[in-house]
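Asker: Could you have a look at this structure, given as structure tokens, before my questions?
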Amino acid sequence: MQRRAAITGVAACSSLGQTAAFLDAMLEGRSGIRPITTFDVSARRARQAAELSDFDPAAFVHPMKLRRMDEVGALSVATARLALESAGLPRTSEGHDDIGVVLGTSTCGVHSTGEFLDRLLELGPAGAPPMLFSNTVGNAAASLIALEEKLRGPNTTVSYKEASGLAALALATDLVRAGKAGALVTGGAEDIYDLYFEVHDWFGVLSHDGAFPEGARPFDRTRNGFVMGEGGFVAIIEERGRAEVRQAPVLAEVVGLGATSGLTALNAWPTEAAPLVRCMRAALEEGGVTPAQVGAVYAAANGSVDFDRLEAQAIAEVFGGRPVRTTSVKGAIGEGGMSGAASLVTAVLAAGRGVVAPTAGLTDPDPSCGSLGWVIATPQSLESPYVLVNSFASGGTNYCLLLHIN
């Protein structure tokens, strides 16, 4: 019999604060997007992002250890610790043989690699800082979580651009169902730095002042591109029987997942609805759930003009035109490899209060996106325990998770 994958803890470190503050802000429809302060954007067209706030890594990691961690590593360790505490799995001197890590990220290692190479080219081999070298690999953050928390189960890093976080959650679900781990720390972590931001600005995909002001407005008539975000969003996926034995509260269960891909131009968002439709339907079919039973969709929409319209069309096709409650977190926390995990964490936290979080930035739905059940300004009631979470990446990677909320 296939094991069941329960969610027993969630945590967020975001531009809107940590878990409790993050949830309050999301339900109030607030946005964490603001002018960038950590690097110079005066020569860029785009000048805003959802930067971390109220986050002090020294509150989670000893300063001596922090010297050996990059930003994504410290953020990942902190969010993982909060999630483990949420699940009732605090740190122990013995650690855990049956708990592992599956982390999604697209920036871990990149910042350190750039800094290392800059110093190497400028000063030669003797000038390249050795402490940076261990952070130049993409799996550094997942390894740091395991080392800090003494987790000796499977350790894997997933990098599928904007779908990285939800792809990690999907893989963690499969591993728990297959009995490869009793529990997994999983989700996404991302940071923003100058070169990464500059490249996106150069591609012309970011929102910037023009006919409409800069900002993230998923599904809105005035949307004009996405805004980059950073943060850590982590869930504990645990074998349900294990959770029940230790009498842990089960927040939700992953009952279905879908994964597809589609052809796109280089660095472009999907342009065909069919792969998105197949992905959503695969998650529903695995969960044995009909579209009529779904209470809400947390969409991947980020404010990109054509992509938001395409996803809206795909949702309408899957749900037969029924105005299912539809929202997106990216008007609040921006776009990045952590955003799919942010959608899931938001869905679980909001459902704990019986509601669907509103879409920050959405005030005037674009008629070309159809007439879905937009969640605007204030939360709306969650009228079914089933919630679908979408994560569709530029480049064509698609993931969907179907949750049953307890």
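For the structure tokens, the naming scheme is as follows: chains receive sequential letters (A, B, ...) according to their order of presentation, residues are indexed from 1 within each chain, and ligands are indexed from 1 in presentation order.
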Could you pull the residues within 12 Å of Tyr193 in chain A, counting only C-alpha atoms, minus those fewer than 4 positions along the same chain, as a PDB file with C-alpha atoms, in the first residue's frame?
Answerer:
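Result file selection34.pdb:
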ATOM      1  CA  ILE A  36      15.626  47.905  -3.915  1.00  0.00           C
ATOM      2  CA  THR A  37      18.078  48.925  -1.187  1.00  0.00           C
ATOM      3  CA  THR A  38      20.780  46.226  -1.199  1.00  0.00           C
ATOM      4  CA  PHE A  39      22.468  47.180  -4.496  1.00  0.00           C
ATOM      5  CA  ASP A  40      22.523  50.038  -6.992  1.00  0.00           C
ATOM      6  CA  VAL A  41      19.741  49.962  -9.600  1.00  0.00           C
ATOM      7  CA  ALA A  49      11.858  43.750  -5.744  1.00  0.00           C
ATOM      8  CA  ALA A  50      10.425  41.821  -2.814  1.00  0.00           C
ATOM      9  CA  GLU A  51      13.507  41.899  -0.583  1.00  0.00           C
ATOM     10  CA  LEU A  52      13.699  40.095   2.750  1.00  0.00           C
ATOM     11  CA  ASP A  70      26.051  32.493   1.614  1.00  0.00           C
ATOM     12  CA  GLU A  71      22.695  34.258   1.764  1.00  0.00           C
ATOM     13  CA  VAL A  72      20.655  31.327   0.447  1.00  0.00           C
ATOM     14  CA  THR A 107      20.305  30.954  -7.231  1.00  0.00           C
ATOM     15  CA  CYS A 108      22.116  28.914  -4.570  1.00  0.00           C
ATOM     16  CA  GLY A 109      25.793  28.906  -5.468  1.00  0.00           C
ATOM     17  CA  VAL A 110      25.553  31.455  -8.265  1.00  0.00           C
ATOM     18  CA  HIS A 111      26.305  34.538  -6.164  1.00  0.00           C
ATOM     19  CA  SER A 112      29.284  32.858  -4.458  1.00  0.00           C
ATOM     20  CA  GLY A 114      30.535  35.088  -9.242  1.00  0.00           C
ATOM     21  CA  GLU A 115      32.336  36.547  -6.251  1.00  0.00           C
ATOM     22  CA  PHE A 197      18.737  41.190 -11.328  1.00  0.00           C
ATOM     23  CA  GLU A 198      20.660  42.919 -14.128  1.00  0.00           C
ATOM     24  CA  VAL A 199      20.330  39.906 -16.430  1.00  0.00           C
ATOM     25  CA  HIS A 200      16.549  39.776 -15.956  1.00  0.00           C
ATOM     26  CA  MET A 228      11.731  39.511  -8.614  1.00  0.00           C
ATOM     27  CA  GLY A 229      11.416  38.162  -5.090  1.00  0.00           C
ATOM     28  CA  GLU A 230      13.476  36.378  -2.468  1.00  0.00           C
TER      29      GLU A 230
END
Asker: Identify, with DSSP run on backbone atoms, the residues in range 163-195 of chain A assigned to helix (DSSP H, G or I), and express the list as a list in words.
Answerer: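 Output for range 163-195 of chain A, helix (DSSP H, G or I) only: Ala163, Ser164, Gly165, Leu166, Ala167, Ala168, Leu169, Ala170, Leu171, Ala172, Thr173, Asp174, Leu175, Val176, Arg177, Asp194 and Leu195 of chain A.
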Asker: Based on the selection just made, write N, CA and C atoms of those residues as a PDB file, in the first residue's frame.
Answerer:
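For reference, part_21.pdb as written:
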ATOM      1  N   ALA A 163       9.947  27.068 -11.071  1.00  0.00           N
ATOM      2  CA  ALA A 163       9.212  25.912 -10.562  1.00  0.00           C
ATOM      3  C   ALA A 163      10.010  25.117  -9.532  1.00  0.00           C
ATOM      4  N   SER A 164      11.188  25.587  -9.154  1.00  0.00           N
ATOM      5  CA  SER A 164      12.078  24.809  -8.292  1.00  0.00           C
ATOM      6  C   SER A 164      11.433  24.420  -6.969  1.00  0.00           C
ATOM      7  N   GLY A 165      10.784  25.367  -6.305  1.00  0.00           N
ATOM      8  CA  GLY A 165      10.220  25.097  -4.987  1.00  0.00           C
ATOM      9  C   GLY A 165       9.134  24.049  -5.002  1.00  0.00           C
ATOM     10  N   LEU A 166       8.198  24.147  -5.951  1.00  0.00           N
ATOM     11  CA  LEU A 166       7.108  23.169  -5.984  1.00  0.00           C
ATOM     12  C   LEU A 166       7.608  21.827  -6.518  1.00  0.00           C
ATOM     13  N   ALA A 167       8.592  21.856  -7.418  1.00  0.00           N
ATOM     14  CA  ALA A 167       9.183  20.609  -7.896  1.00  0.00           C
ATOM     15  C   ALA A 167       9.846  19.857  -6.741  1.00  0.00           C
ATOM     16  N   ALA A 168      10.496  20.584  -5.839  1.00  0.00           N
ATOM     17  CA  ALA A 168      11.101  19.953  -4.666  1.00  0.00           C
ATOM     18  C   ALA A 168      10.036  19.312  -3.786  1.00  0.00           C
ATOM     19  N   LEU A 169       8.930  20.000  -3.593  1.00  0.00           N
ATOM     20  CA  LEU A 169       7.830  19.455  -2.795  1.00  0.00           C
ATOM     21  C   LEU A 169       7.246  18.206  -3.442  1.00  0.00           C
ATOM     22  N   ALA A 170       7.176  18.197  -4.769  1.00  0.00           N
ATOM     23  CA  ALA A 170       6.666  17.022  -5.476  1.00  0.00           C
ATOM     24  C   ALA A 170       7.607  15.830  -5.307  1.00  0.00           C
ATOM     25  N   LEU A 171       8.908  16.075  -5.439  1.00  0.00           N
ATOM     26  CA  LEU A 171       9.872  14.998  -5.256  1.00  0.00           C
ATOM     27  C   LEU A 171       9.850  14.486  -3.822  1.00  0.00           C
ATOM     28  N   ALA A 172       9.752  15.390  -2.864  1.00  0.00           N
ATOM     29  CA  ALA A 172       9.677  14.974  -1.467  1.00  0.00           C
ATOM     30  C   ALA A 172       8.446  14.109  -1.224  1.00  0.00           C
ATOM     31  N   THR A 173       7.341  14.481  -1.838  1.00  0.00           N
ATOM     32  CA  THR A 173       6.116  13.681  -1.725  1.00  0.00           C
ATOM     33  C   THR A 173       6.341  12.267  -2.235  1.00  0.00           C
ATOM     34  N   ASP A 174       6.960  12.151  -3.398  1.00  0.00           N
ATOM     35  CA  ASP A 174       7.223  10.833  -3.969  1.00  0.00           C
ATOM     36  C   ASP A 174       8.145  10.005  -3.091  1.00  0.00           C
ATOM     37  N   LEU A 175       9.169  10.623  -2.513  1.00  0.00           N
ATOM     38  CA  LEU A 175      10.116   9.890  -1.677  1.00  0.00           C
ATOM     39  C   LEU A 175       9.456   9.379  -0.397  1.00  0.00           C
ATOM     40  N   VAL A 176       8.611  10.211   0.198  1.00  0.00           N
ATOM     41  CA  VAL A 176       7.900   9.777   1.407  1.00  0.00           C
ATOM     42  C   VAL A 176       6.911   8.667   1.071  1.00  0.00           C
ATOM     43  N   ARG A 177       6.176   8.817  -0.020  1.00  0.00           N
ATOM     44  CA  ARG A 177       5.225   7.775  -0.430  1.00  0.00           C
ATOM     45  C   ARG A 177       5.935   6.444  -0.687  1.00  0.00           C
ATOM     46  N   ASP A 194      22.836  41.626  -7.482  1.00  0.00           N
ATOM     47  CA  ASP A 194      22.887  42.603  -8.572  1.00  0.00           C
ATOM     48  C   ASP A 194      22.999  41.985  -9.960  1.00  0.00           C
ATOM     49  N   LEU A 195      23.903  41.012 -10.162  1.00  0.00           N
ATOM     50  CA  LEU A 195      24.076  40.452 -11.503  1.00  0.00           C
ATOM     51  C   LEU A 195      22.829  39.703 -11.952  1.00  0.00           C
TER      52      LEU A 195
END
Asker: Which residues are near Gly153 in chain A? Cut-off 9 Å, only C-alpha atoms, ignore same chain within fewer than 3 positions. Put them as a ChimeraX atom specification.
Answerer: /A:96-101,146,180-184
Asker: Mind checking which residues fall within 12 Å of Ala11 in chain A, counting only C-alpha atoms, ignoring those fewer than 6 positions away in the same chain, and posting them as a ChimeraX atom specification?
Answerer: /A:17-23,75-87,185-189,231-236,341-346,348-349
Asker: Which distance in Å separates CA of Ser304 in chain A and CA of Val389 in chain A, to one decimal?
Answerer: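 Value for the CA of Ser304 in chain A-CA of Val389 in chain A distance: 18.4 Å.
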Asker: Name the residues of range 128-363 of chain A that come out as strand (DSSP E or B) in a backbone DSSP run; write them as a ChimeraX atom specification.
Answerer: /A:151,155-158,183-190,206,220,226,228-229,231-239,252-261,294-298,325-327,335,355-356
Asker: Suppose we keep N, CA and C atoms; can you now write the selection as a short mmCIF file (atom, residue, chain, number, x, y, z; two decimals), in the first residue's frame?
Answerer:
data_model
loop_
_atom_site.label_atom_id
_atom_site.label_comp_id
_atom_site.auth_asym_id
_atom_site.auth_seq_id
_atom_site.Cartn_x
_atom_site.Cartn_y
_atom_site.Cartn_z
N LEU A 151 20.39 15.89 10.00
CA LEU A 151 19.40 15.10 9.26
C LEU A 151 20.16 14.19 8.29
N ASN A 155 19.26 13.59 0.66
CA ASN A 155 19.56 15.01 0.53
C ASN A 155 19.68 15.34 -0.96
N THR A 156 18.73 16.14 -1.45
CA THR A 156 18.64 16.41 -2.89
C THR A 156 18.32 17.88 -3.13
N THR A 157 18.86 18.43 -4.20
CA THR A 157 18.56 19.79 -4.61
C THR A 157 17.92 19.76 -6.00
N VAL A 158 16.86 20.55 -6.16
CA VAL A 158 16.12 20.62 -7.41
C VAL A 158 16.22 22.04 -7.95
N ALA A 183 10.40 11.57 6.88
CA ALA A 183 9.99 12.97 6.72
C ALA A 183 11.06 13.70 5.95
N LEU A 184 10.66 14.78 5.28
CA LEU A 184 11.60 15.57 4.49
C LEU A 184 11.35 17.05 4.71
N VAL A 185 12.43 17.77 4.90
CA VAL A 185 12.39 19.24 4.91
C VAL A 185 12.45 19.67 3.45
N THR A 186 11.43 20.37 2.98
CA THR A 186 11.35 20.65 1.55
C THR A 186 10.69 21.99 1.28
N GLY A 187 10.97 22.53 0.11
CA GLY A 187 10.41 23.83 -0.27
C GLY A 187 11.41 24.57 -1.12
N GLY A 188 11.44 25.90 -1.01
CA GLY A 188 12.31 26.69 -1.87
C GLY A 188 12.94 27.85 -1.15
N ALA A 189 14.13 28.24 -1.61
CA ALA A 189 14.84 29.40 -1.04
C ALA A 189 15.56 30.12 -2.17
N GLU A 190 15.56 31.44 -2.11
CA GLU A 190 16.11 32.25 -3.18
C GLU A 190 16.57 33.60 -2.64
N LEU A 206 11.11 42.16 -16.71
CA LEU A 206 10.68 42.73 -15.43
C LEU A 206 9.74 43.92 -15.66
N ASP A 220 -4.12 41.39 -13.69
CA ASP A 220 -4.70 42.74 -13.74
C ASP A 220 -4.57 43.34 -15.14
N PHE A 226 6.86 40.90 -14.49
CA PHE A 226 6.95 40.42 -13.10
C PHE A 226 8.01 41.18 -12.32
N MET A 228 10.97 40.58 -9.24
CA MET A 228 11.73 39.51 -8.61
C MET A 228 11.52 39.50 -7.10
N GLY A 229 11.59 38.31 -6.53
CA GLY A 229 11.42 38.16 -5.09
C GLY A 229 12.45 37.23 -4.50
N GLY A 231 13.31 34.87 -0.60
CA GLY A 231 12.76 34.37 0.64
C GLY A 231 12.93 32.87 0.77
N GLY A 232 12.54 32.35 1.92
CA GLY A 232 12.55 30.92 2.17
C GLY A 232 11.17 30.45 2.57
N PHE A 233 10.69 29.39 1.94
CA PHE A 233 9.36 28.84 2.22
C PHE A 233 9.51 27.32 2.31
N VAL A 234 9.27 26.78 3.49
CA VAL A 234 9.59 25.38 3.75
C VAL A 234 8.40 24.67 4.38
N ALA A 235 8.19 23.44 3.95
CA ALA A 235 7.18 22.56 4.55
C ALA A 235 7.85 21.27 4.99
N ILE A 236 7.27 20.62 5.98
CA ILE A 236 7.70 19.30 6.39
C ILE A 236 6.71 18.29 5.82
N ILE A 237 7.19 17.47 4.88
CA ILE A 237 6.38 16.38 4.32
C ILE A 237 6.72 15.12 5.11
N GLU A 238 5.73 14.54 5.74
CA GLU A 238 5.97 13.42 6.65
C GLU A 238 5.02 12.27 6.35
N GLU A 239 5.51 11.06 6.46
CA GLU A 239 4.64 9.89 6.30
C GLU A 239 3.54 9.97 7.34
N ALA A 252 -2.26 19.31 6.32
CA ALA A 252 -2.79 19.00 4.99
C ALA A 252 -2.12 17.71 4.52
N GLU A 253 -2.63 17.19 3.41
CA GLU A 253 -2.03 16.01 2.79
C GLU A 253 -1.91 16.27 1.30
N VAL A 254 -0.77 15.88 0.73
CA VAL A 254 -0.59 15.96 -0.72
C VAL A 254 -1.23 14.71 -1.32
N VAL A 255 -2.32 14.89 -2.05
CA VAL A 255 -3.06 13.74 -2.57
C VAL A 255 -2.89 13.55 -4.07
N GLY A 256 -2.32 14.55 -4.76
CA GLY A 256 -2.12 14.40 -6.20
C GLY A 256 -1.03 15.33 -6.68
N LEU A 257 -0.28 14.87 -7.66
CA LEU A 257 0.72 15.74 -8.26
C LEU A 257 0.77 15.52 -9.77
N GLY A 258 1.08 16.58 -10.48
CA GLY A 258 1.22 16.54 -11.92
C GLY A 258 2.53 17.17 -12.32
N ALA A 259 3.15 16.65 -13.37
CA ALA A 259 4.39 17.21 -13.88
C ALA A 259 4.41 17.05 -15.40
N THR A 260 4.58 18.15 -16.11
CA THR A 260 4.65 18.12 -17.57
C THR A 260 5.70 19.12 -18.02
N SER A 261 5.95 19.14 -19.31
CA SER A 261 6.83 20.15 -19.88
C SER A 261 6.27 20.59 -21.22
N VAL A 294 -12.82 21.06 -6.23
CA VAL A 294 -11.70 21.91 -5.85
C VAL A 294 -12.22 23.25 -5.34
N GLY A 295 -11.69 23.67 -4.19
CA GLY A 295 -12.16 24.92 -3.60
C GLY A 295 -11.37 26.14 -4.00
N ALA A 296 -10.11 25.97 -4.42
CA ALA A 296 -9.28 27.13 -4.78
C ALA A 296 -8.10 26.69 -5.62
N VAL A 297 -7.62 27.63 -6.44
CA VAL A 297 -6.40 27.45 -7.22
C VAL A 297 -5.43 28.56 -6.85
N TYR A 298 -4.24 28.18 -6.41
CA TYR A 298 -3.15 29.14 -6.22
C TYR A 298 -2.34 29.12 -7.51
N ARG A 325 -12.34 29.75 -7.11
CA ARG A 325 -11.58 30.81 -6.46
C ARG A 325 -10.12 30.73 -6.92
N THR A 326 -9.60 31.83 -7.48
CA THR A 326 -8.27 31.84 -8.07
C THR A 326 -7.47 33.01 -7.51
N THR A 327 -6.25 32.72 -7.07
CA THR A 327 -5.41 33.75 -6.48
C THR A 327 -3.96 33.50 -6.89
N GLU A 335 8.46 36.98 -7.89
CA GLU A 335 8.71 35.75 -8.64
C GLU A 335 10.13 35.26 -8.38
N VAL A 355 -9.80 30.17 4.84
CA VAL A 355 -9.95 31.15 3.77
C VAL A 355 -8.92 30.92 2.66
N VAL A 356 -9.13 31.65 1.56
CA VAL A 356 -8.19 31.74 0.46
C VAL A 356 -7.60 33.14 0.48
#
Asker: Counting only C-alpha atoms, which residue out of A:Val329, A:Arg322, A:Lys161, A:Arg47 sits closest to Gly215 in chain A?
Answerer: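 Among the listed residues, A:Arg47 lies closest to Gly215 in chain A.
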Asker: Between A:Gly373, A:Tyr386, A:Arg246, A:Asn406, which has the minimum distance to Gly287 in chain A (counting only C-alpha atoms)?
Answerer: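 Selected residue with least distance to Gly287 in chain A: A:Tyr386.
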Asker: Fewer than 3 positions away in the same chain doesn't count, so skip those; otherwise give me all residues within 12 Å of Met69 in chain A, counting only C-alpha atoms, as an MDAnalysis selection string.
Answerer: chainID A and resid 57:58 61:66 72:78 108:109 111:112 131:137 140:145 148
Asker: With N, CA and C atoms kept, could you save the residues just selected as an mmCIF file, in the first residue's frame?
Answerer:
data_model
loop_
_atom_site.group_PDB
_atom_site.id
_atom_site.type_symbol
_atom_site.label_atom_id
_atom_site.label_comp_id
_atom_site.auth_asym_id
_atom_site.auth_seq_id
_atom_site.Cartn_x
_atom_site.Cartn_y
_atom_site.Cartn_z
ATOM 1 N N PRO A 57 19.910 36.520 10.237
ATOM 2 C CA PRO A 57 20.408 35.141 10.242
ATOM 3 C C PRO A 57 21.135 34.765 11.518
ATOM 4 N N ALA A 58 21.699 35.767 12.213
ATOM 5 C CA ALA A 58 22.411 35.477 13.459
ATOM 6 C C ALA A 58 21.476 34.985 14.560
ATOM 7 N N VAL A 61 21.816 31.142 13.361
ATOM 8 C CA VAL A 61 23.110 30.520 13.117
ATOM 9 C C VAL A 61 24.193 31.328 13.830
ATOM 10 N N HIS A 62 25.119 30.618 14.492
ATOM 11 C CA HIS A 62 26.212 31.296 15.185
ATOM 12 C C HIS A 62 27.017 32.131 14.183
ATOM 13 N N PRO A 63 27.417 33.346 14.587
ATOM 14 C CA PRO A 63 28.140 34.226 13.659
ATOM 15 C C PRO A 63 29.385 33.590 13.035
ATOM 16 N N MET A 64 30.073 32.738 13.765
ATOM 17 C CA MET A 64 31.243 32.079 13.192
ATOM 18 C C MET A 64 30.856 31.153 12.043
ATOM 19 N N LYS A 65 29.717 30.477 12.183
ATOM 20 C CA LYS A 65 29.240 29.613 11.103
ATOM 21 C C LYS A 65 28.703 30.429 9.937
ATOM 22 N N LEU A 66 28.117 31.581 10.245
ATOM 23 C CA LEU A 66 27.568 32.419 9.179
ATOM 24 C C LEU A 66 28.644 32.854 8.192
ATOM 25 N N VAL A 72 21.655 32.381 0.595
ATOM 26 C CA VAL A 72 20.655 31.327 0.447
ATOM 27 C C VAL A 72 20.850 30.247 1.503
ATOM 28 N N GLY A 73 22.098 29.938 1.824
ATOM 29 C CA GLY A 73 22.361 28.934 2.838
ATOM 30 C C GLY A 73 21.828 29.331 4.202
ATOM 31 N N ALA A 74 22.120 30.552 4.632
ATOM 32 C CA ALA A 74 21.647 31.019 5.935
ATOM 33 C C ALA A 74 20.122 31.094 5.967
ATOM 34 N N LEU A 75 19.530 31.575 4.879
ATOM 35 C CA LEU A 75 18.078 31.670 4.795
ATOM 36 C C LEU A 75 17.436 30.281 4.862
ATOM 37 N N SER A 76 18.027 29.318 4.173
ATOM 38 C CA SER A 76 17.488 27.963 4.142
ATOM 39 C C SER A 76 17.557 27.307 5.513
ATOM 40 N N VAL A 77 18.676 27.466 6.188
ATOM 41 C CA VAL A 77 18.829 26.892 7.527
ATOM 42 C C VAL A 77 17.797 27.491 8.482
ATOM 43 N N ALA A 78 17.630 28.801 8.414
ATOM 44 C CA ALA A 78 16.685 29.466 9.308
ATOM 45 C C ALA A 78 15.256 29.009 9.062
ATOM 46 N N CYS A 108 21.111 29.391 -5.520
ATOM 47 C CA CYS A 108 22.116 28.914 -4.570
ATOM 48 C C CYS A 108 23.407 28.579 -5.315
ATOM 49 N N GLY A 109 24.499 29.153 -4.857
ATOM 50 C CA GLY A 109 25.793 28.906 -5.468
ATOM 51 C C GLY A 109 26.196 29.913 -6.519
ATOM 52 N N HIS A 111 25.720 33.316 -6.713
ATOM 53 C CA HIS A 111 26.305 34.538 -6.164
ATOM 54 C C HIS A 111 27.738 34.285 -5.706
ATOM 55 N N SER A 112 27.945 33.186 -4.956
ATOM 56 C CA SER A 112 29.284 32.858 -4.458
ATOM 57 C C SER A 112 30.243 32.548 -5.600
ATOM 58 N N MET A 131 36.933 30.186 1.666
ATOM 59 C CA MET A 131 35.663 29.971 2.366
ATOM 60 C C MET A 131 34.475 30.072 1.421
ATOM 61 N N LEU A 132 34.658 30.759 0.285
ATOM 62 C CA LEU A 132 33.565 30.877 -0.672
ATOM 63 C C LEU A 132 33.375 29.610 -1.496
ATOM 64 N N PHE A 133 34.442 28.809 -1.625
ATOM 65 C CA PHE A 133 34.409 27.719 -2.587
ATOM 66 C C PHE A 133 33.305 26.703 -2.302
ATOM 67 N N SER A 134 33.085 26.373 -1.047
ATOM 68 C CA SER A 134 32.073 25.363 -0.719
ATOM 69 C C SER A 134 30.661 25.841 -1.031
ATOM 70 N N ASN A 135 30.487 27.147 -1.212
ATOM 71 C CA ASN A 135 29.164 27.684 -1.525
ATOM 72 C C ASN A 135 28.946 27.881 -3.023
ATOM 73 N N THR A 136 29.902 27.460 -3.854
ATOM 74 C CA THR A 136 29.754 27.663 -5.290
ATOM 75 C C THR A 136 28.956 26.550 -5.961
ATOM 76 N N VAL A 137 28.484 25.590 -5.204
ATOM 77 C CA VAL A 137 27.678 24.498 -5.760
ATOM 78 C C VAL A 137 26.216 24.704 -5.386
ATOM 79 N N ALA A 140 24.620 23.453 -1.900
ATOM 80 C CA ALA A 140 25.204 23.899 -0.638
ATOM 81 C C ALA A 140 24.146 24.130 0.441
ATOM 82 N N ALA A 141 23.048 24.782 0.081
ATOM 83 C CA ALA A 141 22.032 25.116 1.090
ATOM 84 C C ALA A 141 21.385 23.869 1.675
ATOM 85 N N ALA A 142 21.040 22.898 0.828
ATOM 86 C CA ALA A 142 20.448 21.656 1.336
ATOM 87 C C ALA A 142 21.421 20.929 2.250
ATOM 88 N N SER A 143 22.702 20.933 1.897
ATOM 89 C CA SER A 143 23.706 20.289 2.734
ATOM 90 C C SER A 143 23.849 20.999 4.069
ATOM 91 N N LEU A 144 23.796 22.324 4.068
ATOM 92 C CA LEU A 144 23.898 23.079 5.317
ATOM 93 C C LEU A 144 22.731 22.779 6.248
ATOM 94 N N ILE A 145 21.524 22.648 5.680
ATOM 95 C CA ILE A 145 20.366 22.281 6.519
ATOM 96 C C ILE A 145 20.630 20.949 7.199
ATOM 97 N N GLU A 148 23.397 21.302 9.932
ATOM 98 C CA GLU A 148 22.986 22.058 11.115
ATOM 99 C C GLU A 148 21.948 21.295 11.944
#
